[in-house]
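See below for target_28.pdb, which holds PDB, C-alpha atoms.
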ATOM      1  CA  MET D  25     -13.568 -24.779 195.016
ATOM      2  CA  GLN D  26     -12.756 -26.192 198.450
ATOM      3  CA  SER D  27     -16.148 -27.152 199.947
ATOM      4  CA  GLU D  28     -18.992 -29.359 198.766
ATOM      5  CA  LEU D  29     -21.365 -27.766 196.266
ATOM      6  CA  LYS D  30     -24.899 -29.129 196.284
ATOM      7  CA  ILE D  31     -26.572 -28.964 192.880
ATOM      8  CA  LEU D  32     -30.132 -29.742 191.803
ATOM      9  CA  PHE D  33     -30.174 -31.260 188.296
ATOM     10  CA  LEU D  34     -33.623 -31.108 186.665
ATOM     11  CA  ASP D  35     -34.016 -33.094 183.440
ATOM     12  CA  ASP D  36     -36.707 -35.597 182.433
ATOM     13  CA  HIS D  37     -34.211 -37.726 180.471
ATOM     14  CA  PRO D  38     -32.355 -39.895 183.018
ATOM     15  CA  GLY D  39     -29.632 -40.860 180.552
ATOM     16  CA  VAL D  40     -28.677 -37.225 179.981
ATOM     17  CA  ARG D  41     -29.213 -36.137 183.577
ATOM     18  CA  ASP D  42     -27.467 -38.999 185.361
ATOM     19  CA  GLY D  43     -24.773 -39.320 182.707
ATOM     20  CA  ALA D  44     -23.822 -35.646 182.843
ATOM     21  CA  GLY D  45     -23.951 -35.661 186.639
ATOM     22  CA  THR D  46     -21.678 -38.694 186.853
ATOM     23  CA  LEU D  47     -19.124 -37.209 184.447
ATOM     24  CA  LEU D  48     -19.138 -33.886 186.304
ATOM     25  CA  SER D  49     -18.721 -35.613 189.685
ATOM     26  CA  GLN D  50     -15.737 -37.521 188.316
ATOM     27  CA  ARG D  51     -14.196 -34.282 187.099
ATOM     28  CA  ASN D  52     -14.855 -32.370 190.318
ATOM     29  CA  LYS D  53     -15.184 -34.244 193.614
ATOM     30  CA  ASN D  54     -16.809 -31.223 195.277
ATOM     31  CA  PHE D  55     -19.962 -31.530 193.151
ATOM     32  CA  ASN D  56     -22.855 -33.266 194.922
ATOM     33  CA  PHE D  57     -25.868 -33.774 192.650
ATOM     34  CA  PHE D  58     -29.522 -34.214 193.509
ATOM     35  CA  TYR D  59     -31.610 -35.414 190.562
ATOM     36  CA  ALA D  60     -35.200 -34.525 189.670
ATOM     37  CA  ARG D  61     -37.293 -35.474 186.650
ATOM     38  CA  ASN D  62     -40.015 -32.848 187.130
ATOM     39  CA  CYS D  63     -40.796 -29.663 189.002
ATOM     40  CA  ASN D  64     -42.588 -31.381 191.909
ATOM     41  CA  GLU D  65     -39.604 -33.630 192.609
ATOM     42  CA  GLY D  66     -37.310 -30.606 192.446
ATOM     43  CA  GLU D  67     -39.420 -28.673 194.943
ATOM     44  CA  LYS D  68     -39.368 -31.584 197.402
ATOM     45  CA  ILE D  69     -35.580 -31.886 197.099
ATOM     46  CA  LEU D  70     -35.088 -28.150 197.704
ATOM     47  CA  LYS D  71     -37.330 -28.176 200.779
ATOM     48  CA  ALA D  72     -35.398 -31.132 202.195
ATOM     49  CA  ASN D  73     -31.993 -29.633 201.288
ATOM     50  CA  PRO D  74     -32.089 -25.851 201.826
ATOM     51  CA  ASP D  75     -28.318 -25.621 201.337
ATOM     52  CA  ILE D  76     -28.598 -26.430 197.614
ATOM     53  CA  SER D  77     -27.213 -23.297 195.977
ATOM     54  CA  LEU D  78     -27.289 -24.089 192.249
ATOM     55  CA  SER D  79     -29.756 -25.634 189.823
ATOM     56  CA  ILE D  80     -29.163 -27.023 186.331
ATOM     57  CA  ILE D  81     -32.414 -27.010 184.379
ATOM     58  CA  ASP D  82     -33.478 -28.405 181.022
ATOM     59  CA  LEU D  83     -35.903 -26.182 179.098
ATOM     60  CA  ASN D  84     -38.210 -28.973 177.946
ATOM     61  CA  ILE D  85     -39.597 -30.978 180.873
ATOM     62  CA  ASP D  86     -42.200 -33.332 179.414
ATOM     63  CA  GLY D  87     -43.273 -30.603 177.016
ATOM     64  CA  GLU D  88     -43.383 -27.928 179.736
ATOM     65  CA  ASP D  89     -41.058 -24.930 179.926
ATOM     66  CA  GLY D  90     -38.351 -25.476 182.533
ATOM     67  CA  ILE D  91     -38.252 -21.730 183.187
ATOM     68  CA  THR D  92     -41.514 -22.056 185.125
ATOM     69  CA  SER D  93     -39.768 -24.582 187.378
ATOM     70  CA  LEU D  94     -37.056 -22.060 188.178
ATOM     71  CA  THR D  95     -39.696 -19.542 189.229
ATOM     72  CA  SER D  96     -41.179 -22.136 191.596
ATOM     73  CA  PHE D  97     -37.759 -23.125 192.929
ATOM     74  CA  ARG D  98     -36.877 -19.546 193.802
ATOM     75  CA  LYS D  99     -40.007 -19.248 195.928
ATOM     76  CA  ILE D 100     -38.409 -21.948 198.094
ATOM     77  CA  GLN D 101     -34.776 -20.811 197.726
ATOM     78  CA  PRO D 102     -34.728 -17.129 196.626
ATOM     79  CA  THR D 103     -30.953 -17.005 196.144
ATOM     80  CA  LEU D 104     -30.831 -20.173 194.035
ATOM     81  CA  LYS D 105     -28.542 -19.764 191.038
ATOM     82  CA  ALA D 106     -29.537 -21.364 187.751
ATOM     83  CA  ILE D 107     -27.934 -22.665 184.577
ATOM     84  CA  ILE D 108     -30.089 -23.645 181.618
ATOM     85  CA  TYR D 109     -28.761 -26.844 180.018
ATOM     86  CA  SER D 110     -30.730 -27.527 176.858
ATOM     87  CA  MET D 111     -30.632 -28.458 173.188
ATOM     88  CA  TYR D 112     -32.981 -25.533 172.502
ATOM     89  CA  CYS D 113     -31.594 -22.092 171.738
ATOM     90  CA  ALA D 114     -34.307 -20.209 169.810
ATOM     91  CA  PRO D 115     -34.792 -16.446 170.342
ATOM     92  CA  LYS D 116     -37.765 -16.861 172.674
ATOM     93  CA  ASN D 117     -35.902 -19.465 174.752
ATOM     94  CA  VAL D 118     -32.930 -17.181 175.338
ATOM     95  CA  GLU D 119     -35.035 -14.070 175.949
ATOM     96  CA  ASN D 120     -37.239 -15.857 178.507
ATOM     97  CA  ALA D 121     -34.193 -17.277 180.272
ATOM     98  CA  VAL D 122     -32.479 -13.892 180.511
ATOM     99  CA  GLN D 123     -35.656 -12.139 181.654
ATOM    100  CA  THR D 124     -36.157 -14.773 184.352
ATOM    101  CA  GLY D 125     -32.672 -14.085 185.643
ATOM    102  CA  VAL D 126     -30.703 -17.223 184.849
ATOM    103  CA  ASP D 127     -26.999 -17.110 185.603
ATOM    104  CA  GLY D 128     -25.894 -19.323 182.739
ATOM    105  CA  TYR D 129     -27.040 -21.028 179.559
ATOM    106  CA  VAL D 130     -25.174 -23.993 178.068
ATOM    107  CA  THR D 131     -26.309 -26.009 175.051
ATOM    108  CA  LYS D 132     -26.133 -29.805 175.190
ATOM    109  CA  ASN D 133     -23.984 -30.065 172.059
ATOM    110  CA  THR D 134     -20.992 -28.682 173.992
ATOM    111  CA  GLU D 135     -18.391 -30.765 175.817
ATOM    112  CA  ILE D 136     -19.026 -31.613 179.477
ATOM    113  CA  LYS D 137     -16.060 -29.411 180.418
ATOM    114  CA  GLU D 138     -18.049 -26.367 179.345
ATOM    115  CA  LEU D 139     -20.847 -27.213 181.760
ATOM    116  CA  GLU D 140     -18.226 -27.660 184.490
ATOM    117  CA  ASN D 141     -16.793 -24.230 183.660
ATOM    118  CA  ALA D 142     -20.291 -22.756 183.785
ATOM    119  CA  ILE D 143     -20.906 -24.234 187.247
ATOM    120  CA  ILE D 144     -17.642 -22.892 188.632
ATOM    121  CA  THR D 145     -18.163 -19.454 187.070
ATOM    122  CA  VAL D 146     -21.758 -19.098 188.258
ATOM    123  CA  ILE D 147     -21.155 -20.308 191.808
ATOM    124  CA  SER D 148     -18.271 -17.814 191.996
ATOM    125  CA  GLY D 149     -20.691 -14.984 191.217
ATOM    126  CA  GLY D 150     -20.243 -14.703 187.452
ATOM    127  CA  LYS D 151     -22.378 -15.340 184.387
ATOM    128  CA  TYR D 152     -21.701 -18.023 181.777
ATOM    129  CA  PHE D 153     -23.279 -18.374 178.339
ATOM    130  CA  SER D 154     -21.926 -20.841 175.797
ATOM    131  CA  SER D 155     -21.415 -19.723 172.211
ATOM    132  CA  GLU D 156     -24.894 -20.388 170.757
ATOM    133  CA  PRO D 157     -26.969 -18.580 173.410
ATOM    134  CA  MET D 158     -24.362 -15.805 173.520
ATOM    135  CA  LYS D 159     -24.712 -15.266 169.766
ATOM    136  CA  MET D 160     -28.499 -15.287 170.121
ATOM    137  CA  MET D 161     -28.288 -12.689 172.900
ATOM    138  CA  GLN D 162     -26.112 -10.497 170.701
ATOM    139  CA  LYS D 163     -28.562 -10.829 167.823
ATOM    140  CA  LEU D 164     -31.488  -9.932 170.052
ATOM    141  CA  LEU D 165     -29.619  -6.883 171.298
ATOM    142  CA  SER D 166     -28.243  -5.756 167.953
ATOM    143  CA  LYS D 167     -31.313  -6.808 165.926
ATOM    144  CA  THR D 168     -29.069  -8.444 163.329
ATOM    145  CA  ALA D 169     -31.299  -9.680 160.523
ATOM    146  CA  ASN D 170     -31.412 -13.355 159.665
ATOM    147  CA  LEU D 171     -34.216 -15.880 159.232
ATOM    148  CA  GLU D 172     -34.765 -16.496 162.937
ATOM    149  CA  ASP D 173     -34.616 -12.797 163.760
ATOM    150  CA  ASP D 174     -37.115 -11.948 161.014
ATOM    151  CA  CYS D 175     -39.515 -14.550 162.394
ATOM    152  CA  TYR D 176     -39.110 -13.232 165.912
ATOM    153  CA  LYS D 177     -39.641  -9.634 164.797
ATOM    154  CA  LYS D 178     -42.888 -10.705 163.139
ATOM    155  CA  TYR D 179     -43.960 -12.422 166.363
ATOM    156  CA  LYS D 180     -43.138  -9.294 168.384
ATOM    157  CA  SER D 181     -45.365  -7.281 166.025
ATOM    158  CA  LEU D 182     -48.353  -9.048 167.574
ATOM    159  CA  THR D 183     -50.057  -7.334 170.499
ATOM    160  CA  PRO D 184     -49.779  -9.059 173.920
ATOM    161  CA  THR D 185     -53.347 -10.318 173.509
ATOM    162  CA  GLU D 186     -52.573 -11.664 170.042
ATOM    163  CA  GLN D 187     -49.425 -13.359 171.380
ATOM    164  CA  GLU D 188     -51.563 -15.084 174.013
ATOM    165  CA  VAL D 189     -53.984 -16.369 171.365
ATOM    166  CA  PHE D 190     -51.035 -17.320 169.136
ATOM    167  CA  SER D 191     -49.534 -19.488 171.903
ATOM    168  CA  LEU D 192     -52.819 -21.295 172.491
ATOM    169  CA  LEU D 193     -53.289 -21.888 168.769
ATOM    170  CA  ALA D 194     -49.750 -23.290 168.648
ATOM    171  CA  GLU D 195     -50.743 -25.689 171.451
ATOM    172  CA  LYS D 196     -53.495 -26.935 169.096
ATOM    173  CA  LYS D 197     -56.335 -25.373 171.056
ATOM    174  CA  GLU D 198     -59.504 -24.791 169.036
ATOM    175  CA  PRO D 199     -61.045 -21.277 168.906
ATOM    176  CA  TYR D 200     -63.960 -22.281 171.156
ATOM    177  CA  GLU D 201     -61.479 -23.652 173.741
ATOM    178  CA  ILE D 202     -59.450 -20.445 173.609
ATOM    179  CA  ALA D 203     -62.625 -18.400 174.050
ATOM    180  CA  GLU D 204     -63.481 -20.389 177.191
ATOM    181  CA  LEU D 205     -59.942 -20.167 178.589
ATOM    182  CA  LEU D 206     -59.644 -16.413 178.051
ATOM    183  CA  GLY D 207     -63.251 -15.521 178.783
ATOM    184  CA  LYS D 208     -63.806 -14.105 175.301
ATOM    185  CA  LYS D 209     -66.547 -14.446 172.733
ATOM    186  CA  LEU D 210     -65.887 -17.027 170.027
ATOM    187  CA  LYS D 211     -66.289 -14.341 167.354
ATOM    188  CA  THR D 212     -63.562 -12.250 169.025
ATOM    189  CA  VAL D 213     -61.125 -15.175 169.015
ATOM    190  CA  MET D 214     -61.941 -15.979 165.395
ATOM    191  CA  ASN D 215     -61.204 -12.351 164.426
ATOM    192  CA  GLN D 216     -57.925 -12.398 166.386
ATOM    193  CA  ARG D 217     -56.901 -15.634 164.679
ATOM    194  CA  SER D 218     -57.545 -14.040 161.282
ATOM    195  CA  ILE D 219     -55.459 -11.003 162.235
ATOM    196  CA  ILE D 220     -52.601 -13.246 163.424
ATOM    197  CA  TYR D 221     -52.653 -15.242 160.203
ATOM    198  CA  GLN D 222     -52.689 -12.045 158.169
ATOM    199  CA  LYS D 223     -49.863 -10.362 160.090
ATOM    200  CA  LEU D 224     -47.618 -13.411 159.949
ATOM    201  CA  GLY D 225     -48.578 -14.591 156.476
ATOM    202  CA  PHE D 226     -49.852 -18.024 157.502
ATOM    203  CA  ALA D 227     -51.959 -20.229 155.256
ATOM    204  CA  ASP D 228     -53.023 -22.701 157.953
ATOM    205  CA  ARG D 229     -52.434 -24.014 161.483
ATOM    206  CA  LEU D 230     -49.447 -26.098 160.374
ATOM    207  CA  ASP D 231     -47.626 -22.910 159.315
ATOM    208  CA  LEU D 232     -48.361 -21.399 162.733
ATOM    209  CA  ILE D 233     -47.091 -24.443 164.639
ATOM    210  CA  GLU D 234     -43.855 -24.651 162.645
ATOM    211  CA  PHE D 235     -43.318 -20.906 163.168
ATOM    212  CA  ALA D 236     -43.950 -21.277 166.922
ATOM    213  CA  LYS D 237     -41.337 -24.051 167.134
ATOM    214  CA  ALA D 238     -38.804 -21.971 165.178
ATOM    215  CA  ILE D 239     -38.953 -19.076 167.630
ATOM    216  CA  GLY D 240     -39.208 -21.229 170.752
ATOM    217  CA  VAL D 241     -42.802 -20.537 171.821
ATOM    218  CA  ILE D 242     -43.427 -24.304 171.865
ATOM    219  CA  PHE D 243     -41.092 -27.318 171.767
TER     220      PHE D 243
END

Let me see the structure of the file written as structure tokens.
Amino acid sequence: MQSELKILFLDDHPGVRDGAGTLLSQRNKNFNFFYARNCNEGEKILKANPDISLSIIDLNIDGEDGITSLTSFRKIQPTLKAIIYSMYCAPKNVENAVQTGVDGYVTKNTEIKELENAIITVISGGKYFSSEPMKMMQKLLSKTANLEDDCYKKYKSLTPTEQEVFSLLAEKKEPYEIAELLGKKLKTVMNQRSIIYQKLGFADRLDLIEFAKAIGVIF
């Protein structure tokens, strides 16, 4: 890499964000980082610096999915490349990232050199997935059975409407709140909740929340 590469680094933990950025800048003098702690800050930085070509994004931004930030960023910079840099690597996390069109996915338990390699590979037009997300992608494609896959298959057995109700239940919304949000009758939501519990074998809301965390629907 011969010229300066401007990179937007979105992470709500300054120690991780600034620390990783500093180490990467020491390793490669061409890296120029712009730091954001939330989506709004990231949007402002992109509007002020249209020549930013790469973003590094954490999946969990104050409890919100960082993937939604990428969607917003690409409305400002359509050609923006993106690398997910996260401790989370559940099936739903990886599937959402791939479907959104990320260019790389690196877990935070890897060495900083791997993130540097990902940056160089992605900005050169390639794709880079570290070992954990790569294995998860292979499992999703091959449908290899293990505990996480079995859970995710059960989740995928829900209809799209049931998945929507499932997500809201996982966010600790009460049936009457879900009914208001979705414009449904309370009785309808109660019936859908019963069906979800039956399909997935849940005894109570705690089972549902733990299941949702395991597959990456919530953090």

Exercise for review: Do a neighbour search on Val122 in chain D at 12 Å with all atoms listed in the file, toss out local chain neighbours closer than 6 positions, and write the hits as a list in words.
Suggested key: Ile91, Ala106, Ile107, Ile108, Pro115, Lys116, Gly128, Tyr129, Lys151, Tyr152, Phe153, Pro157, Met158, Met160, Met161, Leu164 and Leu165 of chain D

Residues of range 65-181 of chain D within 10 Å of range 212-231 of chain D: nearest atom pair and distance (Å, one decimal) for each, counting only C-alpha atoms, sorted by chain and number, as a Markdown table?
| residue | atom | partner | partner_atom | distance |
| --- | --- | --- | --- | --- |
| D:Cys175 | CA | D:Leu224 | CA | 8.5 |
| D:Lys178 | CA | D:Leu224 | CA | 6.3 |
| D:Tyr179 | CA | D:Leu224 | CA | 7.4 |
| D:Ser181 | CA | D:Lys223 | CA | 8.1 |

Exercise for review: Point out the residue among D:Lys180, D:Lys209, D:Lys137, D:Lys132 with the least atom-to-atom distance to Leu47 in chain D, counting all atoms listed in the file.
Suggested key: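 Smallest separation from Leu47 in chain D among the options: D:Lys137.
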
Range 106-151 of chain D near range 63-82 of chain D within 12 Å: what's each residue's closest atom pair and its distance in Å to one decimal, counting all atoms listed in the file, ordered by chain then ascending residue number, as CSV?
residue,atom,partner,partner_atom,distance
D:Ala106,CA,D:Ser79,CA,4.8
D:Ile107,CA,D:Ile80,CA,4.9
D:Ile108,CA,D:Ile81,CA,4.9
D:Tyr109,CA,D:Asp82,CA,5.1
D:Ser110,CA,D:Asp82,CA,5.1
D:Met111,CA,D:Asp82,CA,8.3
D:Tyr112,CA,D:Asp82,CA,9.0
D:Cys113,CA,D:Asp82,CA,11.4
D:Asn117,CA,D:Asp82,CA,11.2
D:Ala121,CA,D:Ile81,CA,10.7
D:Val126,CA,D:Ser79,CA,9.8
D:Asp127,CA,D:Leu78,CA,9.6
D:Gly128,CA,D:Ile80,CA,9.1
D:Tyr129,CA,D:Ile80,CA,9.3
D:Val130,CA,D:Ile80,CA,9.7
D:Thr131,CA,D:Asp82,CA,9.6
D:Lys132,CA,D:Asp82,CA,9.5
D:Leu139,CA,D:Ile80,CA,9.5
D:Glu140,CA,D:Ile80,CA,11.1
D:Ala142,CA,D:Ile80,CA,10.2
D:Ile143,CA,D:Leu78,CA,8.1
D:Ile144,CA,D:Leu78,CA,10.4
D:Thr145,CA,D:Leu78,CA,11.5
D:Val146,CA,D:Leu78,CA,8.5
D:Ile147,CA,D:Leu78,CA,7.2
D:Ser148,CA,D:Leu78,CA,11.0
D:Gly149,CA,D:Leu78,CA,11.3

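Going from CA of Pro102 in chain D to CA of Pro184 in chain D covers 28.4 Å.
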
Practice item. Work out how far apart CA of Ala114 in chain D and CA of Leu32 in chain D are and give it in Å to one decimal. Key: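 Interatomic distance, CA of Ala114 in chain D to CA of Leu32 in chain D: 24.3 Å.
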
Exercise for review: Calculate how many Å separate CA of Phe33 in chain D from CA of Ile239 in chain D, rounding to one decimal.
Suggested key: 25.5 Å

Check your understanding: For Glu119 in chain D, which of D:Val241, D:Ala203, D:Leu232, D:Leu210 is the closest residue, counting all atoms listed in the file?
Key ->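 Answer, going by the shortest atom-to-atom distance: D:Val241.
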
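If you measure from each of D:Lys237, D:Glu138, D:Leu94, D:Glu201 to Ala44 in chain D using only C-alpha atoms, the closest one turns out to be D:Glu138.
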
Go ahead and fit an axis-aligned box to every listed atom of range 185-194 of chain D plus 3 Å each side, and pass me the centre and edge lengths in Å, one decimal, as AutoDock Vina command-line options.
--center_x -51.7 --center_y -16.8 --center_z 171.3 --size_x 10.6 --size_y 19.0 --size_z 11.4

Review point. Any idea what's packed within 7 Å of Asp36 in chain D, counting all atoms listed in the file, ignoring anything in its chain fewer than 3 positions away? Could you give it as a ChimeraX atom specification?
Key: /D:61-62,85-86

With C-alpha atoms retained, export the selected residues as a tab-separated table (two decimals), keeping the file's coordinate frame.
chain	number	residue	atom	x	y	z
D	61	ARG	CA	-37.29	-35.47	186.65
D	62	ASN	CA	-40.02	-32.85	187.13
D	85	ILE	CA	-39.60	-30.98	180.87
D	86	ASP	CA	-42.20	-33.33	179.41

Check your understanding: Selected by the PyMOL selection byres ((chain D and resi 58) around 7) in the shown coordinates: which residues, as a list in words?
Key ->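 Checking the PyMOL selection byres ((chain D and resi 58) around 7) against this file, the residues are Ile31, Leu32, Phe33, Asn56, Phe57, Tyr59 and Ala60 of chain D.
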